[in-house]
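Okay, so here's the structure we're looking at.
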Amino acid sequence: MLNNRVVNIVAIVSLLVLLYLDKYQARDIPFWAYGLPVLIFLPLTIRGAINIEAGFFMKVLCKADTTEKVVALSFDDGPQPDYTPHILDILQQENVPAAFFCIGKNIAGNEHLLKRIYEEGHVIGNHTYSHHFWFDMKLSGDMLTDMQQMDAMTVSATGLTPRLFRPPYGVTNPNLARAVKAGNYLPVGWNIRSLDTVAKDEKQLLNSILERLKPGAVILLHDTCKITADILPQLIRGIRQQGYQLERIDKMLKVRAYV
């Protein structure tokens with residue numbers, strides 16, 4: 001499996017080989033050749049950082065290892081008073097469990113929504129406290145503090161400490177891997193990214209999700225988007241019409257949701 005460790009080893013070995021050939025074999029290696037390992041290293045590392053399914057810096061659960069026709073819905077970035085209640089109403093009407101990866105700073109003033117999420121049978125996951133644009137530039141200790149702030153908000157509102165963690169924007173790096181390990185979190189991603197935050201056409205959004213269904217899929221949605229709330233009943237019906245069952249993410253992945 002191509003991961004950060006493998007790429008680092010390949011890059012270092014390549015440099016050592018070039019140095020050996022240059023110094024001991026008199027091959028007269030041109031200076032620019034030493035940049036080749038870097039040209040290989042950088043694109044692979046960047047791609048690994050932004051592709052959560054790659055498991056490049058740490059293992060991330062993005063789907064269930066199953067042939068059964070089951071999928072899980074997950075919602076990021078709430079709780080939010082405009083659309084989270086409507087989404088919860090739909091899930092309750094359709095008897096569908098889901099996972100909500102919440103941002104800690106959004107919990108303040110919306111504690112009742114967090115309680116409702118849990119009381120209605122859904123999972124609460126950690127999506128950091130700040131979800132800051134520059135979160136990925138922080139040191140691992142600062143990342144962990146941010147993540148634990150979200151935990152504290154959840155404990156205060158519900159008494160629960162989330163174990164499931166979803167990285168902001170799905171970006172990973174070595175510092176985040178260290179923070180996740182130090183905090184004993186279980187990182188969870190997705191393998192169907194709806195792109196509902198930028199979608200404009202309801203039919204196109206709906207079809208793009210339904211066309212990619214596969215056993216054990218984790219679907220990424222956002223409870224901060226009107227278009228998501230608008231298509232959700234059709235999405236649930238469409239999933240069921242294809243013979244799939246909707247399971248709660250922790251049950252489907254066979255993991256524990258809380259500490």
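Convention: chains lettered A, B, ... in structure tokens order; per-chain residue numbering from 1; ligands numbered from 1 as shown.
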_Contact residues around Leu91 of chain A with only C-alpha atoms at 10 Å, ignoring same-chain residues under 6 positions, as a list in words_ = Pro85, Pro97, Ala98, Glu120, Gly121, His122, Leu232, Pro233 and Ile236 of chain A
*May I have the residues within 10 Å of Leu210 of chain A as a PyMOL selection string, using only C-alpha atoms and disregarding those fewer than 2 positions away in the same chain?*
chain A and resi 192+194+205-208+212-214+235-236+238-239+242
*Report as number ranges by chain: the residues of segment 82-135 of chain A with a DSSP assignment of strand (DSSP E), based on the backbone of this structure.*
A: 98-102, 123-126
*asked:* Excluding Ile219 of chain A and its own-chain neighbours fewer than 4 positions away, which residues fall within 6 Å of it when counting only C-alpha atoms? Please give them as a ChimeraX atom specification.
replied: /A:73-74,190,192
_Surrounding residues of Ile249 of chain A excluding itself and chain neighbours under 3 positions, 6 Å, only C-alpha atoms, as a list of chain:residue names_ =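 Neighbouring residues, sequence-local ones excluded: A:Ala72, A:Met252, A:Leu253.
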_What does the structure give for the distance between atom CA of His86 of chain A and atom CA of Leu195 of chain A, in Å to one decimal?_
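Taking atom CA of His86 of chain A and atom CA of Leu195 of chain A, their separation equals 19.6 Å.
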_List as a VMD selection string the protein and nucleic acid residues near Ala257 of chain A, meaning an atom at most 9 Å away when only C-alpha atoms are counted, but skip any in the same chain fewer than 3 places from it._
chain A and resid 123 to 125 161 to 164 186 249 to 251
Would you output that residue set with C-alpha atoms, as an mmCIF file, in the first residue's frame?
data_model
loop_
_atom_site.group_PDB
_atom_site.id
_atom_site.type_symbol
_atom_site.label_atom_id
_atom_site.label_comp_id
_atom_site.auth_asym_id
_atom_site.auth_seq_id
_atom_site.Cartn_x
_atom_site.Cartn_y
_atom_site.Cartn_z
ATOM 1 C CA VAL A 123 -24.245 9.265 16.267
ATOM 2 C CA ILE A 124 -22.312 12.385 17.231
ATOM 3 C CA GLY A 125 -18.776 12.586 15.838
ATOM 4 C CA THR A 161 -17.349 11.762 24.581
ATOM 5 C CA PRO A 162 -17.089 11.170 20.823
ATOM 6 C CA ARG A 163 -14.593 8.608 19.619
ATOM 7 C CA LEU A 164 -15.200 9.015 15.875
ATOM 8 C CA LEU A 186 -10.944 6.668 15.412
ATOM 9 C CA ILE A 249 -22.231 4.295 10.663
ATOM 10 C CA ASP A 250 -20.835 2.742 13.847
ATOM 11 C CA LYS A 251 -22.945 -0.380 13.376
#
